[in-house]
Each structure stands twice: as structure tokens, then as C-alpha cells.
Amino acid sequence: LQEGLAMKVSVIGPTGYTGRELVRILLRHGKVEDFLLFGRQEAYFHKEYPEFLGVCEKKIELLEAQKAVQGMDAVFIALPHKVSMEVTPLIRQADKKIKIIDLSADYRLTGADIYKRAYGVEHKDPGYLGKYVYGLCEANREAIRQARFVANPGCYPTSVLIPLIPLMEKGMLEGTVIADCKSGASGAGKSLSQMLHFVECNENIVPYKIFQHQHAYEMAQFMGFFDKSLDLIFTPQLLPIDTGILTVLYIKLKKSADKEKVKALYLERFAGEKFVRVLPESDMPTPAKVRNSNFCDINVFADKQKEYIIVVSAIDNLIKGGSGQAVQNLNIMSGLEEGEGLL
Ligand SMILES: NC(=O)c1ccc[n+]([C@@H]2O[C@H](COP(=O)([O-])OP(=O)(O)OC[C@H]3O[C@@H](n4cnc5c(N)ncnc54)[C@H](OP(=O)(O)O)[C@@H]3O)[C@@H](O)[C@H]2O)c1
């Protein structure tokens with residue numbers, strides 16, 4: 001995008017939680033001149049989300065691929081997995097140059113076999129698996145800059161993988177990383193389920209899908225790009241809060257690695273990253289500190305006597321774990337200032 005030029009984008013799925021946050025961010029994005037909303041039925045955005053009365057009263061139009069791409073620079077797809085892979089080919093056919101940022105999981109995995117294992121169905125657009133850049137901005141910035149298609153990472157993977165970047169890049173990890181992760185209820189989107197019933201989750205904390213969570217495949221795939229011998233144990237848990245993920249990583253370093261210097265490595269690696277804050281001393285990352293922001297807060301704890309180091313991270317699942325990261329990707333793909341609309 002040339003300096004000063006404004007963009008137009010479409011959001012498909014604006015009635016979902018990530019769609020709602022995309023709208024909130026796009027409204028304050030200085031380079032997005034206009035955006036259109038498309039859903040599976042006609043509606044008005046402020047009727048779906050009354051907090052937007054007088055702020056965004058746009059019509060949500062019935063999705064038609066041609067309308068969603070016409071005059072647009074990019075399309076955000078904020079649909080559930082399995083639905084995105086039905087809609088995305090129509091978007092691509094309607095405009096062969098359009099940029100696509102997919103918030104769903106449908107194009108994150110690079111093979112049809114692994115997709116079937118993770119999501120239990122055959123992929124309907126397998127020719128495009130592996131053609132999307134995995135949009136973990138802090139790791140893949142150069143590839144994202146060149147990309148037309150970006151698969152926005154999942155919320156749990158964002159909270160686990162960003163804090164692993166410094167150690168993976170330096171080849172310091174060994175064996176199995178244990179990721180103990182707790183997410184607020186919006187992580188599951190707006191559909192209701194027994195587990196998300198107020199009476200079930202309020203004043204409670206519930207582990208779920210142990211060894212069965214679909215995001216484990218995405219994390220293992222990314223870790224495998226650095227070192228195929230690495231493994232991950234991931235325990236997702238539901239916290240009775242609206243938004244936020246708290247991740248505690250138990251990490252074994254190679255014998256040659258200097259535990260004492262790990263914090264300095266994090267400070268150095270993330271010094272130029274606008275949205276990663278390595279916290280001072282024993283200041284703890286918490287979901288409350290990053291709520292409604294695109295930050296990933298991290299702190300690192302090492303003890304000479306202990307075999308494992310502990311790295312703690314916190315993100316807002318809907319922002320850095322979803323719509324904020326998606327707009328960060330748009331900014332990178334379009335040559336804009338990376339924080340546009342996000343600070
Ligand atoms: N929630 C998070 O923290 C988070 C973070 C990162 C990524 N993601 C991913 O981002 C995507 C959207 O998540 P979300 O939390 O925003 O989900 P959500 O709240 O459940 O919203 C889903 C959206 O998709 C639409 N939709 C559902 N089924 C559809 C169908 N069969 N055909 C057409 N439209 C359909 C819904 O429209 P209606 O209003 O008509 O139902 C709604 O607009 C998902 O793939 C999710 O895994 C979510």
C-alpha cells in the first residue's frame with residue numbers, strides 16, 4: 001500500500017465475538033477508510049451489539065462473495081472452522097488478488113491428514129493447505145509482509161508460542177514443554193454449551209479436552225519447524241472470566257543453556273516488539289493487565305537448583321489471540337505501521 005492511501009476491508013462473520021472486536025478496532029483504524037459487514041442473514045450491527053448504538057449502525061449484508069470483495073483490499077474471515085473452508089474458495093474465486101486473513105483454524109495446518117486428525121473431517125479445500133502464512137507476527141513478520149493469505153493463529157497457540165520464540169530460535173529447548181493454560185469463556189465463541197452455562201462455570205475452573213484439544217496440533221506443527229524432537233503437553237482449562245488467557249510454561253533447557261541469562265535473552269529478543277512486554281522482576285502477567293489490548297505480557301523465572309524454568313504469559317484471547325493479531329497482520333501485509341488501530 002502506498003503512503004497515505006486508505007484501505008477498504010470486509011468482515012465476514014461480524015456477529016461473533018471476534019467479529020465484534022474486529023469492528024471495534026477497524027472503527028479507530030486510521031488507514032481503513034471504510035469496511036463492510038457480511039453475515040448469513042441481514043441485520044444491523046448495533047442491534048446485535050447494542051453497545052454500538054450511535055457508534056456503528058452499519059447494515060450486515062447477506063454474504064455474497066462478489067460483494068464482499070468488490071473494491072476491497074482485504075477480507076477478514078471470522079467464521080467457525082469447517083465453515084471457513086466452504087466460504088474461502090468463493091472469496092478467492094471472486095477476486096484473485098484479494099488479501100485474506102482467516103481467523104479460523106481451517107488454513108493453519110499444512111496437511112490434510114493432520115487437519116482430519118485435529119478436526120475430525122476431511123478438508124474441503126486441501127490444495128490451499130500450506131499456502132497460508134502462519135500469522136504469528138513476532139515470528140513470521142517477513143513472510144507475512146509478502147503474503148496474500150494469512151492464517152491467524154489460535155488463541156491458546158498465541159499464548160504458548162510467543163513465549164517460546166526466543167528459546168526455539170536459539171535452539172535451547174529440549175524434550176517436552178508443559179503448557180498449563182487457562183482461558184476465559186469468550187474463547188469458545190458465542191455459541192452456548194453445557195460447560196459454558198453460568199451455573200457450571202461460575203466460581204469453578206474446569207480442565208477439558210486433555211490430550212484432545214485441536215490447538216495441540218497447531219502448536220506441535222509450529223514447534224516442529226524449529227526442532228522435530230520437541231513435544232508439548234497442553235492442558236486447557238476454562239476460567240470463569242469473560243476474556244483472557246493465562247499460560248504457565250514448564251520448560252526444560254538443554255544442558256549447555258545458561259538459565260541465569262534467559263531473562264536477558266527475552267528482554268533482548270522482544271525489545272523491538274510493540275506488543276510483547278517482558279515484565280520487570282517478579283511482576284506477574286495476568287489477564288486483567290492485558291484486557292482489551294493487543295499485548296502479550298511475559299515473565300521468566302529461573303532457579304539454579306531447579307531443572308525447569310517457568311515462563312508465564314497473558315493475552316486477551318479476543319485481541320492478541322484473535323482480532324488484534326488479525327489487524328496487526330493486515331498492517332504488516334499492507335506495509336502500514338504495525339500498531340495502527342491497536343494502541
Ligand atoms: N473466541 C476466541 O477467543 C477466538 C480467538 C481466535 C480465533 N478464534 C476463531 O475465530 C473464529 C470466530 O470465532 P468467534 O469466537 O468470533 O465465534 P462466534 O462468536 O461463535 O461467531 C461465529 C460467527 O460465524 C457465524 N457463523 C456460524 N456458523 C455459520 C455458518 N454455518 N455459516 C455462516 N456463518 C456462520 C456466526 O453467525 P451467526 O451470528 O449468524 O451465528 C458468527 O458471526 C472461529 O473460527 C474461532 O475458532 C476465536
# chains A, B, ... in the order shown; residues from 1 in each chain; ligands from 1
>>> residues_around(residues="segment 339-343 of chain A", least_positions_apart="5", cutoff="8 Å", atoms="only C-alpha atoms", output="PyMOL selection string")
chain A and resi 25-26+28-31+274+293-294+324+327-328+331
>>> residues_around(residues="Ser186 of chain A", least_positions_apart="3", cutoff="8 Å", atoms="only C-alpha atoms", output="list in words")
Tyr17, Gly189, Lys190, Asp242, Thr243, Asn317 and Leu318 of chain A
>>> residues_around(residues="segment 109-125 of chain A", least_positions_apart="4", cutoff="6 Å", atoms="only C-alpha atoms", output="PyMOL selection string")
chain A and resi 129-130+214
>>> select_by_dssp(residues="segment 182-212 of chain A", states="helix (DSSP H, G or I)", output="list in words")
Ala185, Ser186, Gly187, Ala188, Gln194, Met195, Leu196, Phe198, Val199, Glu200 and Cys201 of chain A
>>> closest_residue(among="A:Leu330, A:Met223, A:Val150, A:Ala143", to="Leu103 of chain A", atoms="only C-alpha atoms")
A:Val150
>>> residues_around(residues="Val75 of chain A", least_positions_apart="6", cutoff="10 Å", atoms="only C-alpha atoms", output="list in words")
Lys8, Val9, Ser10, Val11, Ile12, Phe35, Leu36, Leu37, Ala68, Val69, Thr88, Ile91, Ile98, Lys99, Ile100, Ile101, Asp102, Phe149 and Leu330 of chain A
>>> atom_distance(atom1="atom CA of Ala78 of chain A", atom2="atom 2 (C, counted along the ligand's line) of ligand 1")
9.7 Å
>>> residues_near_ligand(ligand="ligand 1", cutoff="6 Å", atoms="only C-alpha atoms and all ligand atoms", output="PyMOL selection string")
chain A and resi 13-19+40+78-81+83+103-105+154-155+186-191+317-318+321-322
>>> residues_around(residues="Leu161 of chain A", least_positions_apart="6", cutoff="9 Å", atoms="only C-alpha atoms", output="PyMOL selection string")
chain A and resi 136+219+222-223
>>> write_last_selection(atoms="C-alpha atoms", output="short mmCIF file (atom, residue, chain, number, x, y, z; two decimals), in the first residue's frame")
data_model
loop_
_atom_site.label_atom_id
_atom_site.label_comp_id
_atom_site.auth_asym_id
_atom_site.auth_seq_id
_atom_site.Cartn_x
_atom_site.Cartn_y
_atom_site.Cartn_z
CA LEU A 136 2.30 -15.24 14.36
CA MET A 219 1.39 -25.77 18.35
CA PHE A 222 4.99 -24.70 14.68
CA MET A 223 7.44 -26.14 17.23
#
>>> atom_distance(atom1="atom CA of Gly71 of chain A", atom2="atom CA of Ala94 of chain A")
11.5 Å
>>> residues_around(residues="segment 198-204 of chain A", least_positions_apart="3", cutoff="9 Å", atoms="only C-alpha atoms", output="list of chain:residue names")
A:Ala185, A:Gln194, A:Met195, A:Leu238, A:Leu239, A:Pro240, A:Ile241
>>> atom_distance(atom1="atom CA of Glu64 of chain A", atom2="atom CA of Pro50 of chain A")
25.3 Å
>>> select_by_dssp(residues="segment 110-284 of chain A", states="strand (DSSP E or B)", output="PDB file with C-alpha atoms, in the first residue's frame")
ATOM      1  CA  VAL A 133       1.469 -17.912   6.098  1.00  0.00           C
ATOM      2  CA  TYR A 134       1.004 -18.662   9.791  1.00  0.00           C
ATOM      3  CA  PHE A 149      -3.220 -15.372   2.619  1.00  0.00           C
ATOM      4  CA  VAL A 150      -2.636 -15.365   6.352  1.00  0.00           C
ATOM      5  CA  ALA A 151      -3.909 -17.960   8.817  1.00  0.00           C
ATOM      6  CA  LEU A 173      14.684 -26.232  24.203  1.00  0.00           C
ATOM      7  CA  THR A 176       8.727 -31.775  26.354  1.00  0.00           C
ATOM      8  CA  VAL A 177       7.276 -28.355  27.102  1.00  0.00           C
ATOM      9  CA  ILE A 178       4.340 -28.429  29.522  1.00  0.00           C
ATOM     10  CA  ALA A 179       1.743 -25.750  28.820  1.00  0.00           C
ATOM     11  CA  ASP A 180      -0.807 -25.199  31.561  1.00  0.00           C
ATOM     12  CA  CYS A 181      -3.370 -22.823  30.033  1.00  0.00           C
ATOM     13  CA  LYS A 182      -6.485 -21.173  31.397  1.00  0.00           C
ATOM     14  CA  SER A 183      -8.944 -19.304  29.218  1.00  0.00           C
ATOM     15  CA  VAL A 206     -12.680 -26.862  34.569  1.00  0.00           C
ATOM     16  CA  PRO A 207      -9.936 -28.721  32.695  1.00  0.00           C
ATOM     17  CA  ASP A 231       6.988 -32.296  22.279  1.00  0.00           C
ATOM     18  CA  LEU A 232       4.174 -30.465  24.046  1.00  0.00           C
ATOM     19  CA  ILE A 233       1.766 -31.361  26.827  1.00  0.00           C
ATOM     20  CA  PHE A 234      -1.127 -28.926  26.822  1.00  0.00           C
ATOM     21  CA  THR A 235      -3.869 -28.723  29.458  1.00  0.00           C
ATOM     22  CA  PRO A 236      -6.639 -26.260  28.582  1.00  0.00           C
ATOM     23  CA  GLN A 237      -8.834 -25.084  31.427  1.00  0.00           C
ATOM     24  CA  LEU A 238     -11.938 -22.916  31.493  1.00  0.00           C
ATOM     25  CA  ILE A 245      -5.660 -16.478  28.736  1.00  0.00           C
ATOM     26  CA  LEU A 246      -3.081 -17.192  31.397  1.00  0.00           C
ATOM     27  CA  THR A 247      -0.406 -19.658  30.303  1.00  0.00           C
ATOM     28  CA  VAL A 248       2.253 -21.172  32.529  1.00  0.00           C
ATOM     29  CA  LEU A 249       5.014 -22.998  30.656  1.00  0.00           C
ATOM     30  CA  TYR A 250       7.292 -25.525  32.338  1.00  0.00           C
ATOM     31  CA  ILE A 251      10.381 -25.685  30.177  1.00  0.00           C
ATOM     32  CA  LYS A 252      13.490 -27.836  30.220  1.00  0.00           C
ATOM     33  CA  LEU A 253      16.518 -26.230  28.622  1.00  0.00           C
ATOM     34  CA  VAL A 276       5.241  -8.065  23.691  1.00  0.00           C
ATOM     35  CA  ARG A 277       6.030  -6.772  27.162  1.00  0.00           C
ATOM     36  CA  VAL A 278       8.620  -8.652  29.188  1.00  0.00           C
TER      37      VAL A 278
END
>>> residues_around(residues="Ser256 of chain A", least_positions_apart="4", cutoff="12 Å", atoms="only C-alpha atoms", output="NGL selection string")
:A and (170-174 or 252 or 260-261)
